[in-house]
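Next comes start_32.cif, a file with mmCIF, C-alpha atoms and all ligand atoms.
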data_data
#
loop_
_atom_site.label_atom_id
_atom_site.label_comp_id
_atom_site.auth_asym_id
_atom_site.auth_seq_id
_atom_site.Cartn_x
_atom_site.Cartn_y
_atom_site.Cartn_z
CA MET A 353 19.84 10.45 4.41
CA ASN A 354 19.25 11.03 8.14
CA ASN A 355 18.04 8.57 10.78
CA SER A 356 14.39 9.48 10.33
CA THR A 357 14.37 8.72 6.60
CA VAL A 358 12.42 5.54 5.94
CA VAL A 359 12.37 5.43 2.13
CA GLU A 360 14.66 7.23 -0.25
CA MET A 361 14.45 6.92 -4.03
CA LYS A 362 16.99 8.78 -6.14
CA ASN A 363 16.71 9.18 -9.92
CA VAL A 364 14.85 5.88 -10.23
CA TYR A 365 13.82 4.55 -13.64
CA TYR A 366 11.90 1.36 -14.34
CA GLU A 367 11.24 -0.07 -17.77
CA ILE A 368 9.25 -3.11 -18.92
CA SER A 369 9.59 -4.41 -22.47
CA GLY A 370 11.10 -1.14 -23.64
CA LYS A 371 8.30 0.91 -22.08
CA ILE A 372 9.22 3.44 -19.39
CA VAL A 373 6.90 2.83 -16.45
CA LEU A 374 8.67 5.08 -13.93
CA GLU A 375 10.79 8.05 -14.91
CA ASN A 376 13.27 9.86 -12.71
CA ILE A 377 11.50 9.18 -9.42
CA ASN A 378 12.84 11.14 -6.46
CA LEU A 379 11.00 10.47 -3.24
CA LYS A 380 11.76 10.78 0.45
CA VAL A 381 9.45 9.33 3.07
CA GLU A 382 10.15 10.17 6.70
CA LYS A 383 9.35 8.36 9.95
CA ASN A 384 5.59 8.46 10.76
CA ASP A 385 4.67 9.91 7.38
CA PHE A 386 1.34 8.77 5.98
CA LEU A 387 1.67 9.09 2.21
CA ALA A 388 -1.02 8.27 -0.34
CA ILE A 389 -0.03 7.63 -3.93
CA ILE A 390 -2.78 8.40 -6.40
CA GLY A 391 -2.82 8.28 -10.18
CA PRO A 392 -4.42 6.66 -13.22
CA ASN A 393 -4.52 2.94 -14.00
CA GLY A 394 -1.14 1.89 -15.30
CA GLY A 395 0.52 5.01 -13.83
CA GLY A 396 3.13 2.88 -12.04
CA LYS A 397 1.80 2.84 -8.45
CA THR A 398 2.10 -0.90 -7.86
CA THR A 399 5.50 -0.92 -9.58
CA LEU A 400 6.69 1.78 -7.16
CA LEU A 401 5.56 -0.27 -4.13
CA LYS A 402 7.28 -3.38 -5.53
CA LEU A 403 10.53 -1.42 -5.84
CA ILE A 404 10.24 -0.37 -2.20
CA VAL A 405 9.65 -3.97 -1.08
CA GLY A 406 12.57 -5.09 -3.25
CA LEU A 407 10.49 -7.50 -5.35
CA ILE A 408 11.90 -5.80 -8.45
CA LYS A 409 15.02 -3.71 -8.99
CA PRO A 410 15.27 -0.34 -10.71
CA CYS A 411 16.86 -0.17 -14.17
CA LYS A 412 18.62 3.00 -13.02
CA GLY A 413 18.85 4.87 -9.74
CA VAL A 414 18.85 3.89 -6.09
CA VAL A 415 16.17 2.71 -3.66
CA LYS A 416 16.97 2.62 0.04
CA VAL A 417 14.71 1.57 2.89
CA PHE A 418 15.94 2.40 6.41
CA GLY A 419 19.24 3.27 4.73
CA LYS A 420 19.67 -0.23 3.23
CA PRO A 421 18.83 -1.99 -0.01
CA PRO A 422 15.13 -3.02 0.32
CA GLU A 423 15.82 -6.77 0.46
CA LEU A 424 17.91 -6.22 3.61
CA ALA A 425 15.19 -4.12 5.24
CA ARG A 426 12.38 -6.56 4.53
CA LYS A 427 11.81 -7.70 8.09
CA ASN A 428 10.71 -4.14 8.85
CA ILE A 429 8.29 -3.94 5.93
CA GLY A 430 4.66 -5.09 5.91
CA TYR A 431 3.21 -5.32 2.41
CA MET A 432 -0.41 -5.85 1.46
CA PRO A 433 -0.60 -6.43 -2.29
CA GLN A 434 -3.57 -5.46 -4.41
CA ILE A 435 -6.19 -8.18 -4.02
CA THR A 436 -7.57 -8.73 -7.49
CA HIS A 437 -8.26 -12.41 -7.27
CA TYR A 438 -8.37 -14.94 -4.50
CA ASN A 439 -9.50 -18.49 -4.71
CA TYR A 440 -7.43 -21.02 -2.90
CA ASP A 441 -7.70 -24.56 -4.20
CA PHE A 442 -7.02 -25.89 -0.72
CA PRO A 443 -8.85 -25.23 2.55
CA ILE A 444 -7.14 -22.56 4.64
CA THR A 445 -8.63 -20.65 7.53
CA VAL A 446 -8.41 -16.96 8.32
CA PHE A 447 -6.17 -17.73 11.31
CA GLU A 448 -3.76 -19.80 9.21
CA THR A 449 -3.64 -17.13 6.50
CA VAL A 450 -2.69 -14.43 8.97
CA LEU A 451 -0.21 -16.70 10.75
CA MET A 452 1.67 -17.01 7.44
CA GLY A 453 2.66 -13.36 7.98
CA ARG A 454 4.89 -14.60 10.85
CA TYR A 455 6.46 -17.43 8.84
CA PRO A 456 9.55 -18.32 10.91
CA GLY A 457 11.53 -19.94 8.07
CA PRO A 458 12.01 -23.54 6.95
CA LEU A 459 11.96 -26.25 9.62
CA LYS A 460 11.12 -23.73 12.36
CA ARG A 461 7.96 -23.76 14.45
CA TYR A 462 5.64 -20.87 15.12
CA SER A 463 6.16 -19.59 18.67
CA GLU A 464 3.62 -18.74 21.32
CA LYS A 465 4.37 -15.07 20.56
CA ASP A 466 3.45 -15.65 16.89
CA ILE A 467 0.07 -17.09 17.92
CA LYS A 468 -0.59 -14.25 20.39
CA THR A 469 0.35 -11.59 17.82
CA VAL A 470 -2.07 -13.08 15.29
CA GLU A 471 -4.81 -13.10 17.94
CA LYS A 472 -4.07 -9.47 18.85
CA TRP A 473 -4.33 -8.17 15.27
CA LEU A 474 -7.38 -10.23 14.33
CA LYS A 475 -9.12 -8.70 17.36
CA LYS A 476 -7.91 -5.16 16.59
CA LEU A 477 -9.18 -5.44 13.03
CA GLY A 478 -12.54 -6.85 14.11
CA VAL A 479 -12.18 -10.22 12.37
CA TRP A 480 -11.45 -12.47 15.35
CA ASN A 481 -14.93 -14.01 14.98
CA LEU A 482 -13.95 -15.14 11.46
CA ARG A 483 -10.78 -16.95 12.56
CA ASP A 484 -12.00 -20.49 11.78
CA LYS A 485 -13.71 -19.58 8.52
CA ASN A 486 -12.34 -20.71 5.21
CA ILE A 487 -10.74 -17.81 3.39
CA ASN A 488 -12.84 -18.56 0.30
CA ASP A 489 -16.04 -17.91 2.28
CA LEU A 490 -15.31 -14.26 3.09
CA SER A 491 -16.64 -11.06 1.53
CA GLY A 492 -14.26 -8.69 -0.28
CA GLY A 493 -14.17 -6.29 2.69
CA GLN A 494 -13.51 -9.11 5.17
CA ILE A 495 -10.71 -10.53 3.08
CA GLN A 496 -9.08 -7.12 2.88
CA ARG A 497 -9.00 -6.88 6.68
CA VAL A 498 -7.54 -10.37 6.87
CA PHE A 499 -4.75 -9.48 4.45
CA LEU A 500 -4.12 -6.24 6.35
CA ALA A 501 -3.80 -8.35 9.51
CA ARG A 502 -1.30 -10.58 7.70
CA ALA A 503 0.85 -7.53 6.90
CA LEU A 504 0.52 -6.17 10.45
CA VAL A 505 1.44 -9.32 12.36
CA ARG A 506 5.00 -8.73 11.22
CA GLU A 507 4.80 -5.59 13.40
CA PRO A 508 6.66 -3.69 10.69
CA LYS A 509 8.05 -0.17 10.87
CA LEU A 510 6.86 0.52 7.33
CA LEU A 511 3.44 -0.54 6.05
CA LEU A 512 2.75 -0.59 2.30
CA LEU A 513 -0.86 -0.99 1.19
CA ASP A 514 -1.98 -1.40 -2.41
CA GLU A 515 -5.63 -0.35 -2.81
CA PRO A 516 -6.61 -1.40 0.73
CA THR A 517 -10.19 -0.12 0.50
CA ALA A 518 -11.10 -1.34 -3.00
CA SER A 519 -13.67 -3.83 -1.68
CA ILE A 520 -14.84 -1.86 1.34
CA ASP A 521 -18.15 -0.01 1.15
CA PRO A 522 -17.97 3.80 1.53
CA GLY A 523 -19.54 3.71 5.01
CA THR A 524 -16.83 1.42 6.36
CA ARG A 525 -13.98 3.27 4.64
CA ASN A 526 -13.87 6.13 7.16
CA SER A 527 -13.53 3.76 10.09
CA PHE A 528 -10.86 1.84 8.18
CA TYR A 529 -8.84 5.03 7.70
CA LYS A 530 -9.31 5.98 11.35
CA LEU A 531 -7.78 2.64 12.23
CA LEU A 532 -4.87 3.39 9.88
CA ASN A 533 -4.43 6.78 11.57
CA LYS A 534 -4.01 4.97 14.90
CA ILE A 535 -1.56 2.48 13.36
CA ASN A 536 0.32 5.44 11.84
CA ARG A 537 1.34 6.62 15.33
CA LYS A 538 3.60 3.57 15.46
CA MET A 539 4.53 3.04 11.82
CA THR A 540 5.11 4.86 8.56
CA ILE A 541 2.42 4.14 5.97
CA ILE A 542 2.46 4.38 2.20
CA LEU A 543 -0.77 3.49 0.47
CA VAL A 544 -1.98 3.40 -3.09
CA SER A 545 -5.56 4.48 -3.66
CA HIS A 546 -8.03 5.86 -6.17
CA ASP A 547 -10.14 7.09 -3.31
CA VAL A 548 -8.84 10.69 -3.30
CA GLY A 549 -11.78 12.20 -1.43
CA VAL A 550 -11.50 9.95 1.62
CA VAL A 551 -7.73 9.60 1.46
CA SER A 552 -7.08 13.34 1.51
CA LYS A 553 -8.92 13.67 4.83
CA HIS A 554 -6.70 11.15 6.55
CA VAL A 555 -3.22 11.18 5.09
CA LYS A 556 -0.40 13.66 5.68
CA LYS A 557 0.94 13.81 2.10
CA ILE A 558 -0.25 12.91 -1.37
CA ALA A 559 1.93 11.96 -4.33
CA CYS A 560 0.44 12.02 -7.83
CA LEU A 561 2.07 9.37 -9.96
CA ASN A 562 1.73 9.00 -13.68
CA ARG A 563 5.14 7.72 -14.76
CA ARG A 564 6.61 10.78 -13.02
CA ILE A 565 5.89 11.74 -9.43
CA PHE A 566 4.74 14.97 -7.77
CA VAL A 567 4.53 15.11 -4.00
CA HIS A 568 2.08 17.50 -2.32
CA ASP A 569 2.53 18.32 1.35
CA ASP A 570 -1.07 19.43 1.78
CA PRO A 571 -3.54 16.69 0.72
CA LYS A 572 -6.56 18.99 1.13
CA GLU A 573 -5.12 21.33 -1.52
CA VAL A 574 -4.92 18.40 -3.95
CA LEU A 575 -8.55 17.53 -3.30
CA LYS A 576 -9.60 21.18 -3.71
CA SER A 577 -7.90 21.47 -7.07
CA ILE A 578 -9.50 18.25 -8.29
CA GLU A 579 -12.93 19.27 -7.02
CA GLU A 580 -12.60 22.67 -8.68
CA LEU A 581 -11.89 20.86 -11.90
CA TYR A 582 -14.87 18.51 -11.60
CA LYS A 583 -17.18 20.98 -9.79
CA CYS A 584 -18.31 18.26 -7.39
CA PRO A 585 -16.96 16.00 -4.66
CA VAL A 586 -14.76 13.41 -6.28
CA ASN A 587 -13.83 9.83 -5.88
CA ILE A 588 -11.44 9.19 -8.70
CA VAL A 589 -11.60 5.95 -10.61
CA PHE A 590 -9.44 6.31 -13.68
CA HIS A 591 -9.88 3.85 -16.49
CA GLU A 592 -7.22 4.50 -19.08
CA VAL A 593 -8.07 8.22 -19.14
CA PRO A 594 -5.42 10.95 -19.05
CA HIS A 595 -4.30 12.05 -15.59
CA GLU A 596 -6.52 15.15 -15.47
CA ILE A 597 -5.01 16.70 -12.35
CA SER A 598 -1.58 16.83 -13.95
CA LYS A 599 -2.69 20.09 -15.64
CA LYS A 600 -2.35 21.71 -12.23
CA HIS A 601 1.25 20.56 -11.72
N1 LIG B 701 4.97 -7.83 -15.43
C1 LIG B 701 4.62 -6.89 -16.34
N2 LIG B 701 4.75 -7.11 -17.66
C2 LIG B 701 4.42 -6.17 -18.55
N3 LIG B 701 3.95 -4.94 -18.21
C3 LIG B 701 3.79 -4.68 -16.93
C4 LIG B 701 4.12 -5.62 -15.90
N4 LIG B 701 3.88 -5.05 -14.68
C5 LIG B 701 3.42 -3.82 -14.95
N5 LIG B 701 3.37 -3.59 -16.28
C6 LIG B 701 2.95 -2.35 -16.93
O1 LIG B 701 3.53 -1.28 -16.22
C7 LIG B 701 2.63 -0.19 -16.13
C8 LIG B 701 2.44 0.21 -14.68
O2 LIG B 701 1.75 -0.83 -14.01
P1 LIG B 701 1.33 -0.70 -12.49
O3 LIG B 701 0.63 -1.97 -12.12
O4 LIG B 701 2.50 -0.28 -11.69
O5 LIG B 701 0.29 0.52 -12.53
P2 LIG B 701 -0.76 1.00 -11.42
O6 LIG B 701 -0.62 2.49 -11.36
O7 LIG B 701 -0.56 0.26 -10.15
O8 LIG B 701 -2.14 0.61 -12.09
P3 LIG B 701 -3.58 0.26 -11.42
O9 LIG B 701 -4.11 1.53 -10.86
O10 LIG B 701 -4.38 -0.20 -12.59
O11 LIG B 701 -3.37 -0.80 -10.40
C9 LIG B 701 1.36 -0.63 -16.83
O12 LIG B 701 1.37 -0.12 -18.15
C10 LIG B 701 1.46 -2.13 -16.83
O13 LIG B 701 0.79 -2.68 -17.95
#

Write the structure described by the file as structure tokens, please.
Amino acid sequence: MNNSTVVEMKNVYYEISGKIVLENINLKVEKNDFLAIIGPNGGGKTTLLKLIVGLIKPCKGVVKVFGKPPELARKNIGYMPQITHYNYDFPITVFETVLMGRYPGPLKRYSEKDIKTVEKWLKKLGVWNLRDKNINDLSGGQIQRVFLARALVREPKLLLLDEPTASIDPGTRNSFYKLLNKINRKMTIILVSHDVGVVSKHVKKIACLNRRIFVHDDPKEVLKSIEELYKCPVNIVFHEVPHEISKKH
């Protein structure tokens, strides 16, 4: 591992209830990479991100982030989980939600810098006008930007995004990825998406994950092979179907 390696996974296996979810994963992500992980539902994408954050541990193999076990590298990781459900039982504003990303620890106060950083990212992401709104009153696309802001206020060196554009309409997706391209100048990004068509135009590498992983250095080639297969522009949404593109591997 050299100094520019951000994530390194070596011979990683993960099993749940006797079922192998990830098999012999070898992956190296370098500084300023922008990697998209695509694959069918249940292919193990979220599990892979959770291993990188250190929320779960591999059954076999090694995961290192910035050369350390993930839990020791966490202050440099921003993680936006998949948003499948949100409904807070208590009133919480957009500003407060994003401020939680800078949580200083028990019995410590938020600093002026914390407040300014939240303001900066809410403005950059175009949701400053929503700051006093209750989180339950936002649209899916708005809430995704708010949760992205919560990951970014940590000013991490590695940003992990699980399905960040799931609730964003196709017109807005391009501008969202352009924003990520800007952010990528300062931080390494790994994102999970089904949105192969859009993703392949913006990312530097694509990994296809369906229990095992295949990394492609040229995202446009991946798109071309999928489009050849389907004979049309594609936007993959797999629902328990076999991972068609694996035939090409
Ligand atoms: N806590 C759990 N208990 C039991 N099975 C689980 C658990 N977490 C994940 N799995 C199983 O592990 C497999 C991989 O799940 P994972 O969420 O990583 O897939 P994914 O590629 O992110 O799927 P999707 O595209 O639908 O989000 C699935 O078969 C899932 O049912």

Exercise. So what do you get for atom CA of A:Ile565 versus atom CA of A:Leu500, distance-wise?
Worked result: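 Pair atom CA of A:Ile565 / atom CA of A:Leu500 returns 25.9 Å.
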
For this session: Enumerate as a PyMOL selection string the residues within 6 Å of ligand LIG 701 (chain B), counting all atoms listed in the file.
Result: chain A and resi 368+373+392-399

For this session: For A:Val544, list every protein, DNA or RNA residue within 9 Å, evaluated using only C-alpha atoms, and leave out those in the same chain fewer than 5 positions away; present the list as a PyMOL selection string.
Result: chain A and resi 387-391+397-398+401+512-516

For this session: Could you tell me how far atom CA of A:Cys560 lies from atom CA of A:Gly419, in Å and to one decimal?
Result: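 Result for atom CA of A:Cys560 versus atom CA of A:Gly419: 24.2 Å, one decimal.
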
Exercise. Within 8 Å of stretch 466-480 of chain A, counting only C-alpha atoms, which residues qualify if same-chain residues fewer than 4 places away don't, as a list in words?
Worked result: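 Answer for this query is Phe447, Val450, Leu451, Arg454, Tyr462, Gln494, Arg497, Val498, Ala501, Leu504 and Val505 of chain A.
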
For this session: Can you work out the spacing between atom CA of A:Ile520 and atom CA of A:Leu374 in Å, to one decimal?
Result: 28.9 Å

Stretch 483-492 of chain A: axis-aligned bounding box, 4 Å on each side, centre and edge lengths in Å, one decimal, as AutoDock Vina command-line options:
--center_x -13.7 --center_y -14.7 --center_z 6.1 --size_x 13.9 --size_y 20.0 --size_z 20.8

Exercise. A:Glu360, A:Glu382, A:Glu375, A:Asp484: which is nearest A:Thr449, counting all atoms listed in the file?
Worked result: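 Checking each candidate against A:Thr449, we get A:Asp484 as the closest.
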
Exercise. Hey, which of A:Thr517, A:Ile444, A:Met452, A:Leu510 ends up closest to A:Asn486? Count only C-alpha atoms.
Worked result: A:Ile444

For this session: Rank nothing, just name the residue among A:Leu543, A:Val381, A:Val358, A:Leu561 nearest to A:Asn428, using all atoms listed in the file.
Result: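 Residue with the minimum atom-to-atom distance to A:Asn428: A:Val358.
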
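The residue that comes closest to A:Pro508, out of A:Ile535, A:Leu400, A:Leu379, A:Cys411 and on the basis of only C-alpha atoms, is A:Ile535.
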
Could you give me stretch 518-542 of chain A completed to N, CA and C atoms, formatted as a JSON list (two decimals), in the frame of the given file?
[["chain", "number", "residue", "atom", "x", "y", "z"],
["A", 518, "ALA", "N", -10.39, -1.08, -1.72],
["A", 518, "ALA", "CA", -11.10, -1.34, -3.00],
["A", 518, "ALA", "C", -12.41, -2.10, -2.81],
["A", 519, "SER", "N", -12.44, -3.03, -1.85],
["A", 519, "SER", "CA", -13.67, -3.83, -1.68],
["A", 519, "SER", "C", -14.45, -3.44, -0.43],
["A", 520, "ILE", "N", -14.15, -2.27, 0.11],
["A", 520, "ILE", "CA", -14.84, -1.86, 1.34],
["A", 520, "ILE", "C", -15.88, -0.81, 0.98],
["A", 521, "ASP", "N", -17.10, -0.97, 1.52],
["A", 521, "ASP", "CA", -18.15, -0.01, 1.15],
["A", 521, "ASP", "C", -17.83, 1.36, 1.74],
["A", 522, "PRO", "N", -18.35, 2.44, 1.11],
["A", 522, "PRO", "CA", -17.97, 3.80, 1.53],
["A", 522, "PRO", "C", -18.19, 4.06, 3.01],
["A", 523, "GLY", "N", -19.26, 3.48, 3.59],
["A", 523, "GLY", "CA", -19.54, 3.71, 5.01],
["A", 523, "GLY", "C", -18.43, 3.17, 5.91],
["A", 524, "THR", "N", -17.85, 2.07, 5.53],
["A", 524, "THR", "CA", -16.83, 1.42, 6.36],
["A", 524, "THR", "C", -15.45, 2.04, 6.13],
["A", 525, "ARG", "N", -15.30, 2.74, 4.99],
["A", 525, "ARG", "CA", -13.98, 3.27, 4.64],
["A", 525, "ARG", "C", -13.45, 4.24, 5.69],
["A", 526, "ASN", "N", -14.33, 5.14, 6.18],
["A", 526, "ASN", "CA", -13.87, 6.13, 7.16],
["A", 526, "ASN", "C", -13.31, 5.45, 8.41],
["A", 527, "SER", "N", -14.02, 4.41, 8.87],
["A", 527, "SER", "CA", -13.53, 3.76, 10.09],
["A", 527, "SER", "C", -12.22, 3.01, 9.80],
["A", 528, "PHE", "N", -12.10, 2.51, 8.57],
["A", 528, "PHE", "CA", -10.86, 1.84, 8.18],
["A", 528, "PHE", "C", -9.69, 2.83, 8.23],
["A", 529, "TYR", "N", -9.92, 4.03, 7.69],
["A", 529, "TYR", "CA", -8.84, 5.03, 7.70],
["A", 529, "TYR", "C", -8.53, 5.52, 9.11],
["A", 530, "LYS", "N", -9.57, 5.59, 9.95],
["A", 530, "LYS", "CA", -9.31, 5.98, 11.35],
["A", 530, "LYS", "C", -8.40, 4.96, 12.01],
["A", 531, "LEU", "N", -8.64, 3.70, 11.70],
["A", 531, "LEU", "CA", -7.78, 2.64, 12.23],
["A", 531, "LEU", "C", -6.35, 2.83, 11.72],
["A", 532, "LEU", "N", -6.22, 3.16, 10.43],
["A", 532, "LEU", "CA", -4.87, 3.39, 9.88],
["A", 532, "LEU", "C", -4.20, 4.58, 10.55],
["A", 533, "ASN", "N", -5.00, 5.62, 10.87],
["A", 533, "ASN", "CA", -4.43, 6.78, 11.57],
["A", 533, "ASN", "C", -3.84, 6.37, 12.91],
["A", 534, "LYS", "N", -4.53, 5.46, 13.60],
["A", 534, "LYS", "CA", -4.01, 4.97, 14.90],
["A", 534, "LYS", "C", -2.71, 4.20, 14.67],
["A", 535, "ILE", "N", -2.74, 3.31, 13.67],
["A", 535, "ILE", "CA", -1.56, 2.48, 13.36],
["A", 535, "ILE", "C", -0.39, 3.39, 12.99],
["A", 536, "ASN", "N", -0.70, 4.51, 12.32],
["A", 536, "ASN", "CA", 0.32, 5.44, 11.84],
["A", 536, "ASN", "C", 1.13, 6.08, 12.98],
["A", 537, "ARG", "N", 0.57, 6.07, 14.20],
["A", 537, "ARG", "CA", 1.34, 6.62, 15.33],
["A", 537, "ARG", "C", 2.58, 5.76, 15.57],
["A", 538, "LYS", "N", 2.47, 4.49, 15.20],
["A", 538, "LYS", "CA", 3.60, 3.57, 15.46],
["A", 538, "LYS", "C", 4.39, 3.24, 14.21],
["A", 539, "MET", "N", 3.79, 3.41, 13.03],
["A", 539, "MET", "CA", 4.53, 3.04, 11.82],
["A", 539, "MET", "C", 4.25, 3.98, 10.66],
["A", 540, "THR", "N", 5.22, 4.06, 9.78],
["A", 540, "THR", "CA", 5.11, 4.86, 8.56],
["A", 540, "THR", "C", 4.22, 4.10, 7.59],
["A", 541, "ILE", "N", 3.31, 4.83, 6.91],
["A", 541, "ILE", "CA", 2.42, 4.14, 5.97],
["A", 541, "ILE", "C", 2.50, 4.77, 4.59],
["A", 542, "ILE", "N", 2.60, 3.92, 3.58],
["A", 542, "ILE", "CA", 2.46, 4.38, 2.20],
["A", 542, "ILE", "C", 1.32, 3.56, 1.60]]
